[in-house]
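Shown next: data13.txt, given as compact mmCIF, C-alpha atoms.
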# COMPACT_ATOMS: atom_id res chain seq x y z
CA MET A 804 72.67 122.74 80.51
CA HIS A 805 70.44 125.08 82.37
CA PRO A 806 71.53 128.72 82.71
CA ALA A 807 72.36 129.82 86.25
CA PRO A 808 71.30 127.39 88.99
CA VAL A 809 68.42 128.52 91.19
CA ASN A 810 69.64 126.64 94.26
CA PRO A 811 73.28 127.16 95.24
CA VAL A 812 73.26 123.82 97.12
CA PRO A 813 71.13 120.81 96.17
CA ASP A 814 68.58 119.57 98.67
CA ASP A 815 69.12 116.19 100.34
CA GLU A 816 66.86 114.21 97.99
CA HIS A 817 68.43 115.55 94.80
CA ALA A 818 71.95 115.11 96.17
CA ARG A 819 71.11 111.49 97.10
CA ILE A 820 69.72 110.75 93.62
CA ALA A 821 72.75 112.35 91.95
CA ALA A 822 75.14 110.32 94.11
CA SER A 823 73.20 107.14 93.33
CA THR A 824 73.47 107.87 89.60
CA PHE A 825 77.21 108.45 89.91
CA ARG A 826 77.56 105.13 91.77
CA MET A 827 75.87 103.37 88.85
CA LEU A 828 78.28 105.09 86.46
CA ALA A 829 81.33 104.33 88.62
CA ASP A 830 82.01 101.06 86.82
CA PRO A 831 83.78 101.08 83.42
CA THR A 832 81.75 98.13 82.12
CA ARG A 833 78.48 99.85 83.01
CA VAL A 834 79.68 103.01 81.24
CA LYS A 835 80.40 100.95 78.11
CA ILE A 836 77.07 99.14 78.34
CA LEU A 837 75.10 102.35 78.72
CA TRP A 838 76.95 104.07 75.89
CA ALA A 839 76.31 101.10 73.60
CA LEU A 840 72.63 101.12 74.56
CA PHE A 841 72.30 104.81 73.76
CA ALA A 842 73.43 103.92 70.23
CA GLN A 843 71.02 101.00 69.78
CA GLU A 844 68.89 98.44 71.53
CA SER A 845 70.79 95.22 72.16
CA SER A 846 70.70 91.73 73.64
CA VAL A 847 72.95 90.55 76.46
CA ASN A 848 75.15 88.48 74.12
CA ALA A 849 75.60 91.32 71.62
CA LEU A 850 76.43 93.73 74.46
CA ALA A 851 78.90 91.27 75.95
CA GLU A 852 80.73 91.05 72.64
CA SER A 853 80.78 94.82 72.09
CA VAL A 854 81.99 95.73 75.60
CA GLY A 855 84.42 92.83 76.04
CA ALA A 856 82.74 91.15 79.01
CA THR A 857 81.06 87.82 79.61
CA PRO A 858 77.30 87.54 79.12
CA ALA A 859 76.95 86.67 82.83
CA ALA A 860 78.77 89.86 83.87
CA VAL A 861 76.75 91.99 81.44
CA SER A 862 73.54 90.44 82.74
CA GLN A 863 74.49 91.37 86.32
CA HIS A 864 75.30 94.95 85.30
CA LEU A 865 72.04 95.24 83.36
CA ALA A 866 70.07 94.09 86.40
CA LYS A 867 71.61 96.89 88.47
CA LEU A 868 71.08 99.47 85.73
CA ARG A 869 67.47 98.38 85.32
CA LEU A 870 66.78 98.62 89.05
CA ALA A 871 68.28 102.12 88.98
CA GLY A 872 65.92 103.04 86.14
CA LEU A 873 68.73 103.69 83.65
CA VAL A 874 67.81 100.90 81.22
CA GLU A 875 64.58 99.27 80.10
CA SER A 876 64.01 95.87 78.57
CA ARG A 877 61.52 94.17 76.32
CA ARG A 878 60.98 90.50 75.57
CA GLU A 879 60.79 89.05 72.10
CA GLY A 880 60.30 85.31 72.30
CA THR A 881 63.06 83.93 74.51
CA TYR A 882 65.29 86.99 74.06
CA ALA A 883 65.44 90.18 76.11
CA TYR A 884 66.49 93.42 74.44
CA TYR A 885 67.75 96.38 76.39
CA ARG A 886 67.83 100.12 75.72
CA ALA A 887 69.05 103.11 77.70
CA SER A 888 66.17 105.15 79.03
CA ASP A 889 67.42 108.48 80.38
CA ALA A 890 68.49 111.34 78.09
CA HIS A 891 69.96 113.20 81.08
CA VAL A 892 72.33 110.31 81.72
CA ARG A 893 73.29 110.27 78.04
CA ARG A 894 74.32 113.92 78.25
CA LEU A 895 76.17 113.26 81.51
CA LEU A 896 78.03 110.33 79.94
CA ALA A 897 78.85 112.29 76.78
CA GLU A 898 80.28 115.16 78.80
CA THR A 899 82.26 112.81 81.04
CA LEU A 900 83.66 110.84 78.09
CA SER A 901 84.60 114.11 76.37
CA HIS A 902 86.37 115.14 79.57
CA ALA A 903 88.25 111.80 79.46
CA GLU A 904 89.40 112.63 75.93
CA HIS A 905 90.92 115.87 77.21
CA VAL A 906 92.52 114.17 80.21
CA THR A 907 94.17 111.56 77.98
CA GLY A 908 95.21 114.09 75.33
CA ALA A 909 92.99 112.55 72.64
CA ALA A 910 91.33 115.98 72.32
CA SER A 911 92.38 119.49 73.22
CA GLY A 912 90.81 122.92 73.13
CA ASP A 913 87.90 122.98 70.71
CA ASP A 914 88.80 119.70 68.97
CA PRO A 915 85.73 117.75 67.90
CA HIS A 916 84.80 115.02 70.36
CA ARG A 917 83.96 111.44 69.55
CA TYR A 918 81.23 111.29 72.18
Rewritten as structure tokens:
Amino acid sequence: MHPAPVNPVPDDEHARIAASTFRMLADPTRVKILWALFAQESSVNALAESVGATPAAVSQHLAKLRLAGLVESRREGTYAYYRASDAHVRRLLAETLSHAEHVTGAASGDDPHRY
């Protein structure tokens, strides 16, 4: 994180972008997809299996995440492979998932986090 913030209140554009990012992260399946993609590049079918969703649902989520600029894709033959593309979002997700560990009691105090 940055030291002390320079602006006490974000300007309209930055607040809008932050809110848009939070909307993209407001779905548990998208959180799982992004976290999996920060670990490694993956195809729709492999992601579907790892996050417990159908390939059609994962494909829909990936389309939204790609439009938001949070994932990128590449083609290899008839397959598309996806990867997460924003290190800021990775840190945001890691912090939020660590917070979830504390809320659920899976971690407390200075316990090591899994995320």
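With only C-alpha atoms as the atoms that count, the residue of A:Ala829, A:Ala871, A:Ala807, A:Ala883 with the shortest distance to A:Asn848 is A:Ala883.
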Subject >> Coordinates-based distance that separates atom CA of A:Pro915 from atom CA of A:Val874 (Å, one decimal) >> reply: 28.0 Å
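Once A:Gln843 and its same-chain neighbours fewer than 6 positions away are set aside, Tyr885, Arg886 and Ala887 of chain A remain within 9 Å of it when counting all atoms listed in the file.
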Original post:
Suppose you want the space between atom CA of A:Glu898 and atom CA of A:Thr832; what is it in Å?
Top reply: 17.4 Å
Original post:
If we count all atoms listed in the file, what is near A:Gln863 at a cut-off of 12 Å, once residues fewer than 3 positions away on the same chain are taken out, given as a list in words?
Top reply: Thr832, Arg833, Ile836, Val847, Ala851, Ala856, Thr857, Pro858, Ala859, Ala860, Ala866, Lys867, Leu868, Arg869 and Leu870 of chain A
Coordinate excerpt as a tab-separated table (two decimals), in the first residue's frame: stretch 861-888 of chain A, N, CA and C atoms:
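Now in decode34.tsv:
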chain	number	residue	atom	x	y	z
A	861	VAL	N	-18.86	-20.01	-16.72
A	861	VAL	CA	-17.50	-19.48	-16.66
A	861	VAL	C	-17.23	-18.60	-17.87
A	862	SER	N	-17.67	-19.03	-19.03
A	862	SER	CA	-17.48	-18.26	-20.25
A	862	SER	C	-18.15	-16.88	-20.14
A	863	GLN	N	-19.36	-16.85	-19.58
A	863	GLN	CA	-20.06	-15.58	-19.39
A	863	GLN	C	-19.30	-14.66	-18.42
A	864	HIS	N	-18.82	-15.23	-17.33
A	864	HIS	CA	-18.05	-14.44	-16.36
A	864	HIS	C	-16.76	-13.92	-16.99
A	865	LEU	N	-16.08	-14.77	-17.76
A	865	LEU	CA	-14.84	-14.35	-18.40
A	865	LEU	C	-15.07	-13.21	-19.38
A	866	ALA	N	-16.19	-13.24	-20.09
A	866	ALA	CA	-16.51	-12.16	-21.02
A	866	ALA	C	-16.63	-10.83	-20.28
A	867	LYS	N	-17.30	-10.84	-19.14
A	867	LYS	CA	-17.44	-9.63	-18.33
A	867	LYS	C	-16.09	-9.17	-17.79
A	868	LEU	N	-15.31	-10.12	-17.28
A	868	LEU	CA	-13.99	-9.77	-16.73
A	868	LEU	C	-13.06	-9.24	-17.82
A	869	ARG	N	-13.18	-9.79	-19.01
A	869	ARG	CA	-12.34	-9.31	-20.11
A	869	ARG	C	-12.75	-7.91	-20.53
A	870	LEU	N	-14.03	-7.64	-20.62
A	870	LEU	CA	-14.50	-6.30	-20.96
A	870	LEU	C	-14.07	-5.27	-19.91
A	871	ALA	N	-14.00	-5.71	-18.66
A	871	ALA	CA	-13.56	-4.82	-17.58
A	871	ALA	C	-12.04	-4.67	-17.55
A	872	GLY	N	-11.34	-5.42	-18.38
A	872	GLY	CA	-9.88	-5.32	-18.42
A	872	GLY	C	-9.17	-6.09	-17.32
A	873	LEU	N	-9.87	-7.02	-16.67
A	873	LEU	CA	-9.28	-7.76	-15.56
A	873	LEU	C	-8.67	-9.09	-15.99
A	874	VAL	N	-9.05	-9.58	-17.17
A	874	VAL	CA	-8.42	-10.77	-17.72
A	874	VAL	C	-8.08	-10.53	-19.19
A	875	GLU	N	-7.11	-11.29	-19.67
A	875	GLU	CA	-6.72	-11.28	-21.07
A	875	GLU	C	-6.81	-12.70	-21.59
A	876	SER	N	-6.91	-12.84	-22.90
A	876	SER	CA	-6.97	-14.17	-23.48
A	876	SER	C	-6.02	-14.27	-24.66
A	877	ARG	N	-5.69	-15.52	-24.97
A	877	ARG	CA	-4.90	-15.79	-26.17
A	877	ARG	C	-5.46	-17.06	-26.79
A	878	ARG	N	-5.35	-17.15	-28.10
A	878	ARG	CA	-5.84	-18.32	-28.83
A	878	ARG	C	-4.67	-19.23	-29.14
A	879	GLU	N	-4.94	-20.51	-29.03
A	879	GLU	CA	-3.98	-21.53	-29.45
A	879	GLU	C	-4.81	-22.60	-30.15
A	880	GLY	N	-4.79	-22.56	-31.47
A	880	GLY	CA	-5.66	-23.46	-32.24
A	880	GLY	C	-7.11	-23.10	-32.00
A	881	THR	N	-7.90	-24.08	-31.57
A	881	THR	CA	-9.32	-23.83	-31.31
A	881	THR	C	-9.58	-23.48	-29.85
A	882	TYR	N	-8.54	-23.44	-29.03
A	882	TYR	CA	-8.69	-23.16	-27.60
A	882	TYR	C	-8.33	-21.73	-27.27
A	883	ALA	N	-9.03	-21.18	-26.27
A	883	ALA	CA	-8.69	-19.87	-25.71
A	883	ALA	C	-8.17	-20.10	-24.30
A	884	TYR	N	-7.10	-19.41	-23.97
A	884	TYR	CA	-6.51	-19.49	-22.64
A	884	TYR	C	-6.57	-18.11	-22.01
A	885	TYR	N	-6.93	-18.09	-20.75
A	885	TYR	CA	-7.14	-16.84	-20.04
A	885	TYR	C	-6.11	-16.67	-18.93
A	886	ARG	N	-5.80	-15.41	-18.62
A	886	ARG	CA	-4.91	-15.08	-17.50
A	886	ARG	C	-5.40	-13.77	-16.90
A	887	ALA	N	-5.19	-13.62	-15.61
A	887	ALA	CA	-5.52	-12.37	-14.92
A	887	ALA	C	-4.47	-11.34	-15.31
A	888	SER	N	-4.88	-10.09	-15.41
A	888	SER	CA	-3.97	-9.10	-15.98
A	888	SER	C	-3.69	-7.88	-15.10
